[in-house]
Amino acid sequence: MNTRILLLVLILFAFCKQEVHSQAGFSHEIGVITGPVAFYSDYGIRGNNETNTGNVGFGFGIIHYLNFSYRADCNCYTRDKFFNDHFKVRNELDYHKTNLQHYGPLVADDETSVFSDQLRAVTASTRVIEIGSQLEYFPLSIRDFASMQYRLAPFISFGVHYVNFDPEAESSLAPGGDINSPVATGDKYRNAYQQEGGSTWSVVGSIGVRYKLNDYADIMLDSRWTYYFSDWVDGLNPGLEQNGILPVPENKANDWIYWLNIGYIHYLD
């Protein structure tokens, strides 16, 4: 996992270094983001408030923008085109970790079944690294925002990320640490826990707003949804294919997250 992290970091910074030194009619912005991550997974019950508020982690990221409305090489605005004045490309490297456990009626204090005890005994986590790009659309003029004709600039974005994930799970009932053993896990979750990391892709969409602090800096509030093309990101994927006994019709979707983050963005000369 550490080797993969280092490789992704080197790729991102190599890309950013190359872009910063090759002025092709645009300028650059760099920044950082951080905030809570709500992980919607196979731990807990869909739509359960306790699940939604309990399986929440934290993330941070490094971001880099291509700004097509301004040229840093000549300290001037680019030609007035709709794309230049309303779109930016956002490249980023993100990391987030979430601790996970089962929530809902099945693990309530008054539930005394063996299956409920097995669910309560499980603790888990997943660490996720994402690298990718998004296209951001600003309905208002980027040039007017840069010249501080107004302070707020809303935006929407859509993009694709490459994802590396590393889940962990353990049970206080597991003999020898085997969480998939019959003692630790009921038939429904047999062979559904995975400890190995993996990779996948995701689609990312967000709605946000920037606030202009001064000529060279903005703060940003970003409300983001990420849908993964895998149901193993959390390390749990119950189903007939895994247990060979019982179908799990409630497992209808892959893992996804909601990330509310705040960021600081600096404009490079």
# chains A, B, ... in the order shown; residues from 1 in each chain; ligands from 1
call {"tool": "residues_around", "arguments": {"residues": "segment 52-68 of chain A", "least_positions_apart": "2", "cutoff": "8 Å", "atoms": "only C-alpha atoms", "output": "PyMOL selection string"}}
result
chain A and resi 16+25-40+47-50+70-71+78+83-85+87-101+103
call {"tool": "select_by_dssp", "arguments": {"residues": "segment 45-172 of chain A", "states": "alpha helix (DSSP H)", "output": "VMD selection string"}}
result
chain A and resid 49 to 54 82 to 86 114 to 120 142 to 146
call {"tool": "closest_residue", "arguments": {"among": "A:Ile219, A:Ile131, A:Ala169, A:Leu106", "to": "Ile45 of chain A", "atoms": "only C-alpha atoms"}}
result
A:Leu106
call {"tool": "closest_residue", "arguments": {"among": "A:Tyr137, A:Asn164, A:Thr123, A:Gly44", "to": "Val107 of chain A", "atoms": "only C-alpha atoms"}}
result
A:Gly44
call {"tool": "residues_around", "arguments": {"residues": "Tyr228 of chain A", "least_positions_apart": "3", "cutoff": "12 Å", "atoms": "only C-alpha atoms", "output": "PDB file with C-alpha atoms, in the first residue's frame"}}
result
ATOM      1  CA  PHE A  39     -19.253   6.152   3.627  1.00  0.00           C
ATOM      2  CA  TYR A  40     -22.344   4.366   2.281  1.00  0.00           C
ATOM      3  CA  SER A  41     -21.418   0.698   2.240  1.00  0.00           C
ATOM      4  CA  VAL A 128      -8.839   5.026   0.041  1.00  0.00           C
ATOM      5  CA  GLU A 130      -7.999   8.601  -5.424  1.00  0.00           C
ATOM      6  CA  VAL A 160     -13.377  10.290 -13.210  1.00  0.00           C
ATOM      7  CA  HIS A 161     -10.909   9.021 -10.605  1.00  0.00           C
ATOM      8  CA  TYR A 162      -8.623   6.017 -10.351  1.00  0.00           C
ATOM      9  CA  VAL A 163      -9.049   4.467  -6.907  1.00  0.00           C
ATOM     10  CA  ASN A 164      -6.841   2.330  -4.685  1.00  0.00           C
ATOM     11  CA  PHE A 165      -8.450   0.898  -1.532  1.00  0.00           C
ATOM     12  CA  SER A 199      -8.138  -0.908  -7.386  1.00  0.00           C
ATOM     13  CA  THR A 200     -11.136   0.388  -9.293  1.00  0.00           C
ATOM     14  CA  TRP A 201     -12.535   3.511 -10.982  1.00  0.00           C
ATOM     15  CA  SER A 202     -15.109   6.000  -9.795  1.00  0.00           C
ATOM     16  CA  VAL A 203     -17.274   8.790 -11.147  1.00  0.00           C
ATOM     17  CA  VAL A 204     -17.300  12.048  -9.220  1.00  0.00           C
ATOM     18  CA  GLY A 205     -19.856  14.848  -9.193  1.00  0.00           C
ATOM     19  CA  TRP A 225     -20.656  12.433  -4.387  1.00  0.00           C
ATOM     20  CA  ASP A 231     -18.576  -3.226  -4.051  1.00  0.00           C
ATOM     21  CA  TRP A 232     -15.345  -4.258  -2.298  1.00  0.00           C
ATOM     22  CA  VAL A 233     -14.049  -0.773  -1.393  1.00  0.00           C
ATOM     23  CA  ASP A 234     -15.297  -1.224   2.182  1.00  0.00           C
ATOM     24  CA  ALA A 253     -25.469  -1.008  -5.237  1.00  0.00           C
ATOM     25  CA  ASN A 254     -21.729  -0.579  -5.126  1.00  0.00           C
ATOM     26  CA  ASP A 255     -20.062   1.476  -2.420  1.00  0.00           C
ATOM     27  CA  TRP A 256     -20.228   5.263  -2.598  1.00  0.00           C
ATOM     28  CA  ILE A 257     -19.363   8.274  -0.460  1.00  0.00           C
ATOM     29  CA  TYR A 258     -20.528  11.796   0.263  1.00  0.00           C
TER      30      TYR A 258
END
call {"tool": "closest_residue", "arguments": {"among": "A:Tyr227, A:Tyr193, A:Phe115, A:Phe82", "to": "Leu140 of chain A", "atoms": "only C-alpha atoms"}}
result
A:Phe82
call {"tool": "decode", "arguments": {"residues": "segment 224-259 of chain A", "atoms": "C-alpha atoms", "output": "PDB file, in the first residue's frame"}}
result
ATOM      1  CA  ARG A 224     -19.265  15.847  -3.492  1.00  0.00           C
ATOM      2  CA  TRP A 225     -20.656  12.433  -4.387  1.00  0.00           C
ATOM      3  CA  THR A 226     -18.362   9.585  -5.516  1.00  0.00           C
ATOM      4  CA  TYR A 227     -19.669   6.289  -6.889  1.00  0.00           C
ATOM      5  CA  TYR A 228     -17.220   3.395  -7.070  1.00  0.00           C
ATOM      6  CA  PHE A 229     -17.282   0.717  -9.758  1.00  0.00           C
ATOM      7  CA  SER A 230     -16.687  -1.920  -7.083  1.00  0.00           C
ATOM      8  CA  ASP A 231     -18.576  -3.226  -4.051  1.00  0.00           C
ATOM      9  CA  TRP A 232     -15.345  -4.258  -2.298  1.00  0.00           C
ATOM     10  CA  VAL A 233     -14.049  -0.773  -1.393  1.00  0.00           C
ATOM     11  CA  ASP A 234     -15.297  -1.224   2.182  1.00  0.00           C
ATOM     12  CA  GLY A 235     -14.055  -4.828   2.272  1.00  0.00           C
ATOM     13  CA  LEU A 236     -17.573  -6.284   2.573  1.00  0.00           C
ATOM     14  CA  ASN A 237     -19.803  -7.620  -0.213  1.00  0.00           C
ATOM     15  CA  PRO A 238     -22.469 -10.111   0.955  1.00  0.00           C
ATOM     16  CA  GLY A 239     -24.252 -12.136  -1.700  1.00  0.00           C
ATOM     17  CA  LEU A 240     -25.088 -15.577  -3.015  1.00  0.00           C
ATOM     18  CA  GLU A 241     -21.889 -15.636  -5.045  1.00  0.00           C
ATOM     19  CA  GLN A 242     -19.892 -15.331  -1.818  1.00  0.00           C
ATOM     20  CA  ASN A 243     -21.819 -17.461   0.693  1.00  0.00           C
ATOM     21  CA  GLY A 244     -23.196 -20.039  -1.750  1.00  0.00           C
ATOM     22  CA  ILE A 245     -26.337 -20.431   0.363  1.00  0.00           C
ATOM     23  CA  LEU A 246     -28.454 -17.292   0.664  1.00  0.00           C
ATOM     24  CA  PRO A 247     -29.232 -14.473  -1.776  1.00  0.00           C
ATOM     25  CA  VAL A 248     -28.828 -10.941  -0.405  1.00  0.00           C
ATOM     26  CA  PRO A 249     -31.288  -8.862  -2.461  1.00  0.00           C
ATOM     27  CA  GLU A 250     -30.804  -5.750  -0.309  1.00  0.00           C
ATOM     28  CA  ASN A 251     -27.211  -5.475  -1.576  1.00  0.00           C
ATOM     29  CA  LYS A 252     -28.259  -3.532  -4.674  1.00  0.00           C
ATOM     30  CA  ALA A 253     -25.469  -1.008  -5.237  1.00  0.00           C
ATOM     31  CA  ASN A 254     -21.729  -0.579  -5.126  1.00  0.00           C
ATOM     32  CA  ASP A 255     -20.062   1.476  -2.420  1.00  0.00           C
ATOM     33  CA  TRP A 256     -20.228   5.263  -2.598  1.00  0.00           C
ATOM     34  CA  ILE A 257     -19.363   8.274  -0.460  1.00  0.00           C
ATOM     35  CA  TYR A 258     -20.528  11.796   0.263  1.00  0.00           C
ATOM     36  CA  TRP A 259     -17.678  14.197   1.040  1.00  0.00           C
TER      37      TRP A 259
END
